[in-house]
file input-v2.cif (mmCIF, C-alpha atoms; chains and numbers go by the auth columns)
data_target
#
loop_
_atom_site.group_PDB
_atom_site.id
_atom_site.type_symbol
_atom_site.label_atom_id
_atom_site.label_comp_id
_atom_site.label_asym_id
_atom_site.label_seq_id
_atom_site.Cartn_x
_atom_site.Cartn_y
_atom_site.Cartn_z
_atom_site.B_iso_or_equiv
_atom_site.auth_seq_id
_atom_site.auth_asym_id
ATOM 1 C CA MET A 1 2.910 0.536 -23.617 0.00 67 E
ATOM 2 C CA THR A 2 2.083 2.297 -20.341 0.00 68 E
ATOM 3 C CA ASP A 3 4.977 2.446 -17.905 0.00 69 E
ATOM 4 C CA ALA A 4 3.257 3.992 -14.872 0.00 70 E
ATOM 5 C CA VAL A 5 0.432 3.100 -12.502 0.00 71 E
ATOM 6 C CA TYR A 6 -1.285 6.442 -13.233 0.00 72 E
ATOM 7 C CA GLU A 7 -1.012 9.058 -15.926 0.00 73 E
ATOM 8 C CA VAL A 8 -1.983 12.730 -15.872 0.00 74 E
ATOM 9 C CA ARG A 9 -4.323 13.601 -18.738 0.00 75 E
ATOM 10 C CA ASP A 10 -5.931 17.049 -19.068 0.00 76 E
ATOM 11 C CA GLY A 11 -5.501 17.733 -15.366 0.00 77 E
ATOM 12 C CA ALA A 12 -7.047 14.433 -14.233 0.00 78 E
ATOM 13 C CA LEU A 13 -5.449 11.178 -13.131 0.00 79 E
ATOM 14 C CA TRP A 14 -5.968 8.038 -15.188 0.00 80 E
ATOM 15 C CA ALA A 15 -5.485 4.647 -13.599 0.00 81 E
ATOM 16 C CA THR A 16 -3.759 2.392 -16.125 0.00 82 E
ATOM 17 C CA GLU A 17 -3.740 -1.403 -16.423 0.00 83 E
ATOM 18 C CA LEU A 18 -0.830 -1.430 -13.975 0.00 84 E
ATOM 19 C CA ALA A 19 -3.244 -0.332 -11.220 0.00 85 E
ATOM 20 C CA ARG A 20 -5.365 -3.479 -11.681 0.00 86 E
ATOM 21 C CA GLY A 21 -5.936 -5.767 -8.691 0.00 87 E
ATOM 22 C CA PRO A 22 -6.358 -9.565 -8.510 0.00 88 E
ATOM 23 C CA TRP A 23 -10.126 -9.845 -7.975 0.00 89 E
ATOM 24 C CA ASP A 24 -11.735 -7.785 -10.740 0.00 90 E
ATOM 25 C CA PRO A 25 -10.123 -6.878 -14.102 0.00 91 E
ATOM 26 C CA ASN A 26 -11.803 -3.471 -13.942 0.00 92 E
ATOM 27 C CA ALA A 27 -10.818 -2.572 -10.356 0.00 93 E
ATOM 28 C CA GLN A 28 -7.613 -1.316 -8.787 0.00 94 E
ATOM 29 C CA HIS A 29 -5.359 -2.927 -6.221 0.00 95 E
ATOM 30 C CA GLY A 30 -5.455 -1.159 -2.857 0.00 96 E
ATOM 31 C CA GLY A 31 -1.715 -0.505 -3.050 0.00 97 E
ATOM 32 C CA ALA A 32 -2.210 1.494 -6.245 0.00 98 E
ATOM 33 C CA SER A 33 -4.953 3.777 -4.950 0.00 99 E
ATOM 34 C CA GLY A 34 -3.168 4.065 -1.600 0.00 100 E
ATOM 35 C CA ALA A 35 0.075 5.187 -3.222 0.00 101 E
ATOM 36 C CA VAL A 36 -1.614 7.891 -5.316 0.00 102 E
ATOM 37 C CA LEU A 37 -3.507 9.198 -2.265 0.00 103 E
ATOM 38 C CA MET A 38 -0.204 9.258 -0.369 0.00 104 E
ATOM 39 C CA ARG A 39 1.131 11.459 -3.185 0.00 105 E
ATOM 40 C CA ALA A 40 -1.809 13.837 -2.719 0.00 106 E
ATOM 41 C CA LEU A 41 -1.339 13.996 1.050 0.00 107 E
ATOM 42 C CA GLU A 42 2.361 14.784 0.660 0.00 108 E
ATOM 43 C CA GLN A 43 1.467 17.775 -1.517 0.00 109 E
ATOM 44 C CA VAL A 44 -0.709 19.423 1.159 0.00 110 E
ATOM 45 C CA ASP A 45 1.047 22.523 2.509 0.00 111 E
ATOM 46 C CA SER A 46 1.952 22.166 6.186 0.00 112 E
ATOM 47 C CA GLY A 47 1.780 25.928 6.761 0.00 113 E
ATOM 48 C CA GLY A 48 5.488 26.163 7.488 0.00 114 E
ATOM 49 C CA ALA A 49 5.511 23.528 10.244 0.00 115 E
ATOM 50 C CA ASP A 50 8.187 20.803 10.155 0.00 116 E
ATOM 51 C CA LEU A 51 5.964 17.712 10.233 0.00 117 E
ATOM 52 C CA GLN A 52 6.195 14.007 9.470 0.00 118 E
ATOM 53 C CA PHE A 53 3.517 11.400 8.749 0.00 119 E
ATOM 54 C CA ALA A 54 2.852 9.058 11.668 0.00 120 E
ATOM 55 C CA ARG A 55 -0.327 7.208 10.661 0.00 121 E
ATOM 56 C CA ILE A 56 -2.482 6.822 7.554 0.00 122 E
ATOM 57 C CA THR A 57 -5.782 4.937 7.298 0.00 123 E
ATOM 58 C CA PHE A 58 -7.278 4.097 3.928 0.00 124 E
ATOM 59 C CA GLU A 59 -10.931 3.124 3.578 0.00 125 E
ATOM 60 C CA LEU A 60 -11.641 1.273 0.344 0.00 126 E
ATOM 61 C CA LEU A 61 -15.292 2.260 0.061 0.00 127 E
ATOM 62 C CA ARG A 62 -15.993 0.820 -3.395 0.00 128 E
ATOM 63 C CA PRO A 63 -13.965 -0.887 -6.121 0.00 129 E
ATOM 64 C CA ALA A 64 -11.787 1.843 -7.614 0.00 130 E
ATOM 65 C CA PRO A 65 -12.155 1.654 -11.407 0.00 131 E
ATOM 66 C CA LEU A 66 -9.478 2.022 -14.035 0.00 132 E
ATOM 67 C CA GLY A 67 -9.593 5.153 -16.168 0.00 133 E
ATOM 68 C CA GLU A 68 -10.266 8.755 -15.168 0.00 134 E
ATOM 69 C CA LEU A 69 -10.285 9.647 -11.468 0.00 135 E
ATOM 70 C CA HIS A 70 -10.130 12.824 -9.386 0.00 136 E
ATOM 71 C CA VAL A 71 -8.082 13.381 -6.232 0.00 137 E
ATOM 72 C CA GLU A 72 -8.585 15.990 -3.537 0.00 138 E
ATOM 73 C CA ALA A 73 -6.569 16.474 -0.353 0.00 139 E
ATOM 74 C CA LYS A 74 -6.856 18.984 2.489 0.00 140 E
ATOM 75 C CA ILE A 75 -6.122 19.676 6.159 0.00 141 E
ATOM 76 C CA VAL A 76 -9.140 19.066 8.389 0.00 142 E
ATOM 77 C CA ARG A 77 -7.405 19.798 11.698 0.00 143 E
ATOM 78 C CA PRO A 78 -4.575 22.378 11.407 0.00 144 E
ATOM 79 C CA GLY A 79 -1.837 22.787 13.954 0.00 145 E
ATOM 80 C CA ARG A 80 1.873 23.386 14.491 0.00 146 E
ATOM 81 C CA ARG A 81 2.490 20.067 16.280 0.00 147 E
ATOM 82 C CA ILE A 82 -0.361 17.849 15.091 0.00 148 E
ATOM 83 C CA GLN A 83 -2.337 17.975 11.842 0.00 149 E
ATOM 84 C CA LEU A 84 -5.109 15.735 10.540 0.00 150 E
ATOM 85 C CA LEU A 85 -5.424 15.463 6.753 0.00 151 E
ATOM 86 C CA GLU A 86 -7.951 13.867 4.442 0.00 152 E
ATOM 87 C CA ALA A 87 -7.722 12.797 0.800 0.00 153 E
ATOM 88 C CA THR A 88 -10.315 11.279 -1.505 0.00 154 E
ATOM 89 C CA LEU A 89 -10.251 9.421 -4.805 0.00 155 E
ATOM 90 C CA SER A 90 -13.472 9.828 -6.826 0.00 156 E
ATOM 91 C CA THR A 91 -14.934 8.977 -10.210 0.00 157 E
ATOM 92 C CA PRO A 92 -15.691 11.785 -12.706 0.00 158 E
ATOM 93 C CA ASP A 93 -19.351 11.812 -11.593 0.00 159 E
ATOM 94 C CA GLY A 94 -18.365 12.386 -7.964 0.00 160 E
ATOM 95 C CA VAL A 95 -18.622 8.871 -6.503 0.00 161 E
ATOM 96 C CA GLU A 96 -16.019 8.510 -3.758 0.00 162 E
ATOM 97 C CA VAL A 97 -14.180 5.184 -4.026 0.00 163 E
ATOM 98 C CA THR A 98 -11.265 5.533 -1.596 0.00 164 E
ATOM 99 C CA ARG A 99 -10.691 7.830 1.375 0.00 165 E
ATOM 100 C CA ALA A 100 -7.522 8.431 3.386 0.00 166 E
ATOM 101 C CA ARG A 101 -7.075 10.134 6.739 0.00 167 E
ATOM 102 C CA ALA A 102 -3.553 10.911 7.837 0.00 168 E
ATOM 103 C CA LEU A 103 -1.879 12.193 10.975 0.00 169 E
ATOM 104 C CA ARG A 104 1.175 14.445 10.759 0.00 170 E
ATOM 105 C CA VAL A 105 3.185 15.275 13.865 0.00 171 E
ATOM 106 C CA ALA A 106 6.019 17.703 14.486 0.00 172 E
ATOM 107 C CA ARG A 107 9.602 16.527 14.373 0.00 173 E
ATOM 108 C CA ALA A 108 11.283 16.715 17.770 0.00 174 E
ATOM 109 C CA PRO A 109 15.009 16.654 18.673 0.00 175 E
ATOM 110 C CA ILE A 110 15.021 13.407 20.658 0.00 176 E
ATOM 111 C CA ASP A 111 16.973 10.198 20.342 0.00 177 E
ATOM 112 C CA ALA A 112 15.101 7.554 22.314 0.00 178 E
ATOM 113 C CA GLY A 113 15.464 3.861 21.656 0.00 179 E
ATOM 114 C CA THR A 114 17.042 2.075 18.711 0.00 180 E
ATOM 115 C CA ILE A 115 15.837 0.930 15.298 0.00 181 E
ATOM 116 C CA ARG A 116 14.908 -2.739 15.236 0.00 182 E
ATOM 117 C CA GLU A 117 17.291 -4.485 12.884 0.00 183 E
ATOM 118 C CA LEU A 118 16.216 -6.524 9.889 0.00 184 E
ATOM 119 C CA PRO A 119 15.877 -10.210 10.841 0.00 185 E
ATOM 120 C CA ALA A 120 18.769 -12.385 9.699 0.00 186 E
ATOM 121 C CA GLY A 121 18.397 -14.540 6.618 0.00 187 E
ATOM 122 C CA HIS A 122 15.992 -12.325 4.701 0.00 188 E
ATOM 123 C CA ASP A 123 17.888 -11.889 1.463 0.00 189 E
ATOM 124 C CA ARG A 124 16.111 -11.111 -1.818 0.00 190 E
ATOM 125 C CA SER A 125 18.235 -13.073 -4.247 0.00 191 E
ATOM 126 C CA LEU A 126 15.368 -14.987 -5.890 0.00 192 E
ATOM 127 C CA PRO A 127 12.626 -13.152 -7.821 0.00 193 E
ATOM 128 C CA ALA A 128 9.105 -14.538 -7.373 0.00 194 E
ATOM 129 C CA GLU A 129 6.766 -15.398 -10.222 0.00 195 E
ATOM 130 C CA SER A 130 3.388 -13.683 -10.114 0.00 196 E
ATOM 131 C CA PRO A 131 0.167 -15.520 -11.002 0.00 197 E
ATOM 132 C CA PHE A 132 -1.598 -12.246 -11.823 0.00 198 E
ATOM 133 C CA GLY A 133 -0.128 -11.303 -15.202 0.00 199 E
ATOM 134 C CA GLU A 134 2.188 -8.491 -16.258 0.00 200 E
ATOM 135 C CA ARG A 135 -0.571 -5.925 -16.855 0.00 201 E
ATOM 136 C CA SER A 136 -1.589 -5.647 -13.205 0.00 202 E
ATOM 137 C CA PHE A 137 -0.336 -3.995 -10.041 0.00 203 E
ATOM 138 C CA PRO A 138 0.914 -7.159 -8.280 0.00 204 E
ATOM 139 C CA GLY A 139 2.252 -8.656 -11.511 0.00 205 E
ATOM 140 C CA GLY A 140 3.667 -5.693 -13.406 0.00 206 E
ATOM 141 C CA ALA A 141 4.005 -2.596 -11.218 0.00 207 E
ATOM 142 C CA ILE A 142 5.502 -4.407 -8.221 0.00 208 E
ATOM 143 C CA GLU A 143 8.458 -6.747 -8.068 0.00 209 E
ATOM 144 C CA VAL A 144 8.262 -9.336 -5.272 0.00 210 E
ATOM 145 C CA ARG A 145 11.051 -11.489 -3.847 0.00 211 E
ATOM 146 C CA PHE A 146 10.929 -14.089 -1.085 0.00 212 E
ATOM 147 C CA PRO A 147 13.929 -15.365 0.876 0.00 213 E
ATOM 148 C CA GLY A 148 14.522 -18.940 -0.174 0.00 214 E
ATOM 149 C CA GLY A 149 12.351 -18.643 -3.276 0.00 215 E
ATOM 150 C CA GLY A 150 8.840 -18.681 -1.799 0.00 216 E
ATOM 151 C CA SER A 151 5.641 -17.877 -3.670 0.00 217 E
ATOM 152 C CA ILE A 152 2.856 -15.358 -3.221 0.00 218 E
ATOM 153 C CA LEU A 153 0.489 -18.356 -3.174 0.00 219 E
ATOM 154 C CA ASP A 154 2.222 -20.086 -0.229 0.00 220 E
ATOM 155 C CA LEU A 155 0.056 -20.416 2.876 0.00 221 E
ATOM 156 C CA GLY A 156 0.934 -19.076 6.323 0.00 222 E
ATOM 157 C CA PRO A 157 3.237 -16.348 7.662 0.00 223 E
ATOM 158 C CA GLN A 158 5.857 -15.150 5.227 0.00 224 E
ATOM 159 C CA PHE A 159 8.512 -12.487 4.693 0.00 225 E
ATOM 160 C CA GLY A 160 8.606 -10.761 1.320 0.00 226 E
ATOM 161 C CA TRP A 161 10.454 -7.892 -0.345 0.00 227 E
ATOM 162 C CA PHE A 162 8.560 -5.429 -2.566 0.00 228 E
ATOM 163 C CA ARG A 163 9.813 -2.819 -5.044 0.00 229 E
ATOM 164 C CA LEU A 164 7.972 -0.502 -7.419 0.00 230 E
ATOM 165 C CA ARG A 165 9.040 -1.267 -10.975 0.00 231 E
ATOM 166 C CA VAL A 166 7.346 1.832 -12.435 0.00 232 E
ATOM 167 C CA PRO A 167 6.396 5.324 -11.233 0.00 233 E
ATOM 168 C CA VAL A 168 3.148 5.829 -9.341 0.00 234 E
ATOM 169 C CA VAL A 169 2.455 8.771 -11.677 0.00 235 E
ATOM 170 C CA GLY A 170 4.090 8.940 -15.080 0.00 236 E
ATOM 171 C CA GLY A 171 7.141 11.197 -15.295 0.00 237 E
ATOM 172 C CA GLU A 172 7.633 11.349 -11.504 0.00 238 E
ATOM 173 C CA THR A 173 10.010 9.559 -9.169 0.00 239 E
ATOM 174 C CA PRO A 174 8.015 7.888 -6.382 0.00 240 E
ATOM 175 C CA SER A 175 8.609 9.279 -2.903 0.00 241 E
ATOM 176 C CA GLN A 176 9.754 6.968 -0.146 0.00 242 E
ATOM 177 C CA LEU A 177 6.292 7.048 1.435 0.00 243 E
ATOM 178 C CA GLN A 178 4.637 6.204 -1.879 0.00 244 E
ATOM 179 C CA ARG A 179 6.913 3.152 -2.092 0.00 245 E
ATOM 180 C CA LEU A 180 5.977 2.211 1.458 0.00 246 E
ATOM 181 C CA ILE A 181 2.213 2.459 0.910 0.00 247 E
ATOM 182 C CA ALA A 182 2.377 0.567 -2.384 0.00 248 E
ATOM 183 C CA ALA A 183 3.874 -2.400 -0.499 0.00 249 E
ATOM 184 C CA ALA A 184 1.947 -2.052 2.761 0.00 250 E
ATOM 185 C CA ASP A 185 -1.311 -3.354 1.240 0.00 251 E
ATOM 186 C CA PHE A 186 0.186 -6.835 0.660 0.00 252 E
ATOM 187 C CA PRO A 187 0.222 -8.532 4.121 0.00 253 E
ATOM 188 C CA ASN A 188 -2.690 -10.844 3.391 0.00 254 E
ATOM 189 C CA GLY A 189 -1.494 -11.234 -0.171 0.00 255 E
ATOM 190 C CA ILE A 190 1.594 -13.119 0.999 0.00 256 E
ATOM 191 C CA SER A 191 0.411 -14.748 4.237 0.00 257 E
ATOM 192 C CA THR A 192 -3.098 -16.054 3.687 0.00 258 E
ATOM 193 C CA GLU A 193 -4.173 -19.100 5.690 0.00 259 E
ATOM 194 C CA LEU A 194 -6.620 -20.364 3.046 0.00 260 E
ATOM 195 C CA PRO A 195 -6.060 -21.397 -0.602 0.00 261 E
ATOM 196 C CA TRP A 196 -6.359 -18.663 -3.226 0.00 262 E
ATOM 197 C CA ASP A 197 -8.233 -20.933 -5.627 0.00 263 E
ATOM 198 C CA GLN A 198 -10.993 -21.603 -3.080 0.00 264 E
ATOM 199 C CA TYR A 199 -11.401 -18.291 -1.230 0.00 265 E
ATOM 200 C CA VAL A 200 -11.464 -14.550 -1.804 0.00 266 E
ATOM 201 C CA PHE A 201 -9.757 -12.160 0.615 0.00 267 E
ATOM 202 C CA ILE A 202 -10.883 -8.538 0.306 0.00 268 E
ATOM 203 C CA ASN A 203 -9.566 -5.835 2.606 0.00 269 E
ATOM 204 C CA PRO A 204 -11.924 -2.838 2.969 0.00 270 E
ATOM 205 C CA ASP A 205 -9.303 -0.876 4.887 0.00 271 E
ATOM 206 C CA LEU A 206 -5.583 -0.437 5.479 0.00 272 E
ATOM 207 C CA THR A 207 -3.830 1.371 8.331 0.00 273 E
ATOM 208 C CA VAL A 208 -0.112 2.113 8.203 0.00 274 E
ATOM 209 C CA TYR A 209 1.893 3.334 11.195 0.00 275 E
ATOM 210 C CA ILE A 210 5.157 5.003 10.201 0.00 276 E
ATOM 211 C CA GLU A 211 7.980 5.009 12.737 0.00 277 E
ATOM 212 C CA ARG A 212 10.447 6.552 10.328 0.00 278 E
ATOM 213 C CA GLU A 213 10.608 7.304 6.624 0.00 279 E
ATOM 214 C CA PRO A 214 12.109 4.360 4.714 0.00 280 E
ATOM 215 C CA ARG A 215 15.240 4.583 2.612 0.00 281 E
ATOM 216 C CA GLY A 216 15.940 2.785 -0.635 0.00 282 E
ATOM 217 C CA GLU A 217 13.656 1.105 -3.165 0.00 283 E
ATOM 218 C CA TRP A 218 12.873 -2.127 -1.315 0.00 284 E
ATOM 219 C CA ILE A 219 10.219 -2.555 1.404 0.00 285 E
ATOM 220 C CA GLY A 220 10.142 -5.762 3.445 0.00 286 E
ATOM 221 C CA LEU A 221 6.971 -7.234 4.975 0.00 287 E
ATOM 222 C CA ASP A 222 7.050 -9.725 7.826 0.00 288 E
ATOM 223 C CA ALA A 223 3.412 -10.712 7.357 0.00 289 E
ATOM 224 C CA ARG A 224 0.800 -12.952 8.939 0.00 290 E
ATOM 225 C CA THR A 225 -2.963 -13.397 8.627 0.00 291 E
ATOM 226 C CA ARG A 226 -5.575 -14.704 11.069 0.00 292 E
ATOM 227 C CA VAL A 227 -8.936 -15.998 9.918 0.00 293 E
ATOM 228 C CA VAL A 228 -11.097 -17.289 12.756 0.00 294 E
ATOM 229 C CA LYS A 229 -14.719 -17.661 11.620 0.00 295 E
ATOM 230 C CA ASP A 230 -17.759 -15.911 10.124 0.00 296 E
ATOM 231 C CA GLY A 231 -15.863 -14.303 7.252 0.00 297 E
ATOM 232 C CA VAL A 232 -13.675 -11.961 9.306 0.00 298 E
ATOM 233 C CA GLY A 233 -9.899 -11.870 9.187 0.00 299 E
ATOM 234 C CA VAL A 234 -7.031 -9.607 10.185 0.00 300 E
ATOM 235 C CA ALA A 235 -3.715 -9.302 8.359 0.00 301 E
ATOM 236 C CA GLU A 236 -0.695 -7.474 9.696 0.00 302 E
ATOM 237 C CA ALA A 237 2.931 -6.891 8.855 0.00 303 E
ATOM 238 C CA ILE A 238 5.998 -5.315 10.361 0.00 304 E
ATOM 239 C CA LEU A 239 7.501 -3.095 7.668 0.00 305 E
ATOM 240 C CA PHE A 240 11.234 -2.856 6.969 0.00 306 E
ATOM 241 C CA ASP A 241 13.733 -1.219 4.702 0.00 307 E
ATOM 242 C CA GLU A 242 17.279 -2.517 4.346 0.00 308 E
ATOM 243 C CA GLY A 243 18.285 -0.662 7.519 0.00 309 E
ATOM 244 C CA GLY A 244 15.613 -2.107 9.814 0.00 310 E
ATOM 245 C CA ARG A 245 12.039 -1.593 10.956 0.00 311 E
ATOM 246 C CA VAL A 246 10.068 1.393 9.615 0.00 312 E
ATOM 247 C CA GLY A 247 6.517 0.699 10.818 0.00 313 E
ATOM 248 C CA ARG A 248 3.497 -1.606 10.774 0.00 314 E
ATOM 249 C CA SER A 249 0.440 -2.181 8.594 0.00 315 E
ATOM 250 C CA LEU A 250 -2.973 -3.638 9.502 0.00 316 E
ATOM 251 C CA GLN A 251 -5.843 -4.832 7.311 0.00 317 E
ATOM 252 C CA SER A 252 -9.375 -5.965 8.074 0.00 318 E
ATOM 253 C CA LEU A 253 -10.500 -8.802 5.790 0.00 319 E
ATOM 254 C CA TYR A 254 -13.714 -10.087 4.306 0.00 320 E
ATOM 255 C CA VAL A 255 -13.140 -13.782 3.652 0.00 321 E
ATOM 256 C CA ALA A 256 -15.520 -16.019 1.684 0.00 322 E
ATOM 257 C CA ARG A 257 -15.538 -19.105 -0.485 0.00 323 E
ATOM 258 C CA ARG A 258 -15.359 -18.451 -4.200 0.00 324 E
ATOM 259 C CA GLU A 259 -18.661 -18.853 -5.983 0.00 325 E
ATOM 260 C CA GLY A 260 -18.940 -21.648 -8.511 0.00 326 E
#
call {"tool": "encode", "arguments": {"input": "input-v2.cif", "output": "structure tokens"}}
result
Amino acid sequence: MTDAVYEVRDGALWATELARGPWDPNAQHGGASGAVLMRALEQVDSGGADLQFARITFELLRPAPLGELHVEAKIVRPGRRIQLLEATLSTPDGVEVTRARALRVARAPIDAGTIRELPAGHDRSLPAESPFGERSFPGGAIEVRFPGGGSILDLGPQFGWFRLRVPVVGGETPSQLQRLIAAADFPNGISTELPWDQYVFINPDLTVYIEREPRGEWIGLDARTRVVKDGVGVAEAILFDEGGRVGRSLQSLYVARREG
């Protein structure tokens, strides 16, 4: 049985069942494709500059299929203090399914401000049951826990803890940023305002702002979603590790009633 979200086969990446999302059995969850593109971005040589990631935007152009995929990453704006990078995930016949653009900035010896502490009362003592099945990204690759024993199907704002159960790529230990991105695509998933059995919520993008690199396996999301009218929504979350705030994520949403 596969124990990773992706495998390397003959120089190409293969998305396994553990990359599967909730809407289509043949399409990936955005957290899966985001995490593997984060891996590609981290491998781009900085040219000797001491840089850190500050912002990453993912555009989910088409449903990313399971199976063979190709990843490319490069610098599109070089620099010693600021660099702009781009990474793409494509099918074997060259169809681009997901694109990422990332900003790296130089580290600077300053100590301004303090880290926002984790809100009180957000323990992770109770594991949450997933309605999506074990052979999927939200059901098998990610472990979710809610303070007080909440559910991923509960409506309204919610705080949840997320942890990768398996490697992003087989045989590798996920980086801290890969862990962060894998969780950062879940704000609407845990804070929707409308019932899952009546509506679909598809995010065509994800932007993550990184204030500092997280530590530890667990990523906390203080999430909320707003759906006003005409099929448009916005989901956002403040991101935490066990030591406090690490950043923020934002998603645009297409919202519609389920057919049938």
call {"tool": "residues_around", "arguments": {"input": "input-v2.cif", "residues": "stretch 79-86 of chain E", "least_positions_apart": "4", "cutoff": "7 Å", "atoms": "only C-alpha atoms", "output": "tab-separated table (two decimals) with C-alpha atoms, in the coordinates of the input"}}
result
chain	number	residue	atom	x	y	z
E	70	ALA	CA	3.26	3.99	-14.87
E	71	VAL	CA	0.43	3.10	-12.50
E	72	TYR	CA	-1.28	6.44	-13.23
E	73	GLU	CA	-1.01	9.06	-15.93
E	74	VAL	CA	-1.98	12.73	-15.87
E	75	ARG	CA	-4.32	13.60	-18.74
E	91	PRO	CA	-10.12	-6.88	-14.10
E	92	ASN	CA	-11.80	-3.47	-13.94
E	93	ALA	CA	-10.82	-2.57	-10.36
E	94	GLN	CA	-7.61	-1.32	-8.79
E	95	HIS	CA	-5.36	-2.93	-6.22
E	98	ALA	CA	-2.21	1.49	-6.24
E	132	LEU	CA	-9.48	2.02	-14.04
E	133	GLY	CA	-9.59	5.15	-16.17
E	134	GLU	CA	-10.27	8.76	-15.17
E	135	LEU	CA	-10.28	9.65	-11.47
E	136	HIS	CA	-10.13	12.82	-9.39
E	201	ARG	CA	-0.57	-5.92	-16.86
E	202	SER	CA	-1.59	-5.65	-13.20
E	203	PHE	CA	-0.34	-4.00	-10.04
E	206	GLY	CA	3.67	-5.69	-13.41
E	207	ALA	CA	4.00	-2.60	-11.22
call {"tool": "closest_residue", "arguments": {"input": "input-v2.cif", "among": "E:Val300, E:Val163, E:Leu221, E:Ile268", "to": "E:Pro131", "atoms": "only C-alpha atoms"}}
result
E:Val163
call {"tool": "closest_residue", "arguments": {"input": "input-v2.cif", "among": "E:Gln118, E:Thr258, E:Gln264, E:Gln109", "to": "E:Glu152", "atoms": "only C-alpha atoms"}}
result
E:Gln109
call {"tool": "residues_near_point", "arguments": {"input": "input-v2.cif", "point": "(-9.5, 14.3, -1.3)", "cutoff": "7 Å", "atoms": "all atoms listed in the file", "output": "PyMOL selection string"}}
result
chain E and resi 137-140+152-155
call {"tool": "closest_residue", "arguments": {"input": "input-v2.cif", "among": "E:Val298, E:Val274, E:Val171, E:Ile304", "to": "E:Gly226", "atoms": "all atoms listed in the file"}}
result
E:Ile304
call {"tool": "residues_around", "arguments": {"input": "input-v2.cif", "residues": "E:Ser318", "least_positions_apart": "4", "cutoff": "8 Å", "atoms": "all atoms listed in the file", "output": "compact mmCIF listing (two decimals) with C-alpha atoms, keeping the file's coordinate frame"}}
result
# COMPACT_ATOMS: atom_id res chain seq x y z
CA ASN E 269 -9.57 -5.84 2.61
CA PRO E 270 -11.92 -2.84 2.97
CA ASP E 271 -9.30 -0.88 4.89
CA LEU E 272 -5.58 -0.44 5.48
CA VAL E 298 -13.68 -11.96 9.31
CA GLY E 299 -9.90 -11.87 9.19
CA VAL E 300 -7.03 -9.61 10.18
CA ALA E 301 -3.72 -9.30 8.36
call {"tool": "resolve_selection", "arguments": {"input": "input-v2.cif", "expression": "the PyMOL selection byres ((chain E and resi 110) around 9)", "output": "list in words"}}
result
Ala106, Leu107, Glu108, Gln109, Asp111, Ser112, Gly113, Ala139, Lys140, Ile141 and Leu151 of chain E
call {"tool": "closest_residue", "arguments": {"input": "input-v2.cif", "among": "E:Gly282, E:Gly222, E:Pro204, E:Gly297", "to": "E:Gly310", "atoms": "all atoms listed in the file"}}
result
E:Gly282
call {"tool": "atom_distance", "arguments": {"input": "input-v2.cif", "atom1": "atom CA of E:Glu162", "atom2": "atom CA of E:Val232"}}
result
25.8 Å
call {"tool": "axis_aligned_box", "arguments": {"input": "input-v2.cif", "around": "stretch 159-175 of chain E", "padding_each_side": "5 Å", "output": "AutoDock Vina command-line options"}}
result
--center_x -2.2 --center_y 11.4 --center_z 3.5 --size_x 44.4 --size_y 22.5 --size_z 40.3
call {"tool": "closest_residue", "arguments": {"input": "input-v2.cif", "among": "E:Thr291, E:Asp116, E:Glu277, E:Asp76", "to": "E:Ile181", "atoms": "all atoms listed in the file"}}
result
E:Glu277
call {"tool": "closest_residue", "arguments": {"input": "input-v2.cif", "among": "E:Pro129, E:Pro223, E:Leu319, E:Ser156", "to": "E:Asp296", "atoms": "all atoms listed in the file"}}
result
E:Leu319
call {"tool": "residues_around", "arguments": {"input": "input-v2.cif", "residues": "E:Gly97", "least_positions_apart": "5", "cutoff": "10 Å", "atoms": "only C-alpha atoms", "output": "PDB file with C-alpha atoms, keeping the file's coordinate frame"}}
result
ATOM      1  CA  ALA E  85      -3.244  -0.332 -11.220  1.00  0.00           C
ATOM      2  CA  ARG E  86      -5.365  -3.479 -11.681  1.00  0.00           C
ATOM      3  CA  GLY E  87      -5.936  -5.767  -8.691  1.00  0.00           C
ATOM      4  CA  VAL E 102      -1.614   7.891  -5.316  1.00  0.00           C
ATOM      5  CA  LEU E 103      -3.507   9.198  -2.265  1.00  0.00           C
ATOM      6  CA  PHE E 203      -0.336  -3.995 -10.041  1.00  0.00           C
ATOM      7  CA  PRO E 204       0.914  -7.159  -8.280  1.00  0.00           C
ATOM      8  CA  ILE E 208       5.502  -4.407  -8.221  1.00  0.00           C
ATOM      9  CA  GLN E 244       4.637   6.204  -1.879  1.00  0.00           C
ATOM     10  CA  ARG E 245       6.913   3.152  -2.092  1.00  0.00           C
ATOM     11  CA  LEU E 246       5.977   2.211   1.458  1.00  0.00           C
ATOM     12  CA  ILE E 247       2.213   2.459   0.910  1.00  0.00           C
ATOM     13  CA  ALA E 248       2.377   0.567  -2.384  1.00  0.00           C
ATOM     14  CA  ALA E 249       3.874  -2.400  -0.499  1.00  0.00           C
ATOM     15  CA  ALA E 250       1.947  -2.052   2.761  1.00  0.00           C
ATOM     16  CA  ASP E 251      -1.311  -3.354   1.240  1.00  0.00           C
ATOM     17  CA  PHE E 252       0.186  -6.835   0.660  1.00  0.00           C
ATOM     18  CA  LEU E 272      -5.583  -0.437   5.479  1.00  0.00           C
TER      19      LEU E 272
END
call {"tool": "atom_distance", "arguments": {"input": "input-v2.cif", "atom1": "atom CA of E:Glu302", "atom2": "atom CA of E:Tyr275"}}
result
11.2 Å
call {"tool": "atom_distance", "arguments": {"input": "input-v2.cif", "atom1": "atom CA of E:Gly77", "atom2": "atom CA of E:Val235"}}
result
12.5 Å
call {"tool": "decode", "arguments": {"input": "input-v2.cif", "residues": "stretch 297-306 of chain E", "atoms": "C-alpha atoms", "output": "compact mmCIF listing (two decimals), in the first residue's frame"}}
result
# COMPACT_ATOMS: atom_id res chain seq x y z
CA GLY E 297 -21.19 32.21 -6.27
CA VAL E 298 -18.18 34.07 -4.87
CA GLY E 299 -16.59 33.41 -1.51
CA VAL E 300 -13.38 34.13 0.37
CA ALA E 301 -11.78 31.87 2.96
CA GLU E 302 -8.91 32.87 5.20
CA ALA E 303 -6.93 31.55 8.12
CA ILE E 304 -4.27 32.70 10.52
CA LEU E 305 -1.63 29.97 10.59
CA PHE E 306 0.07 28.76 13.76
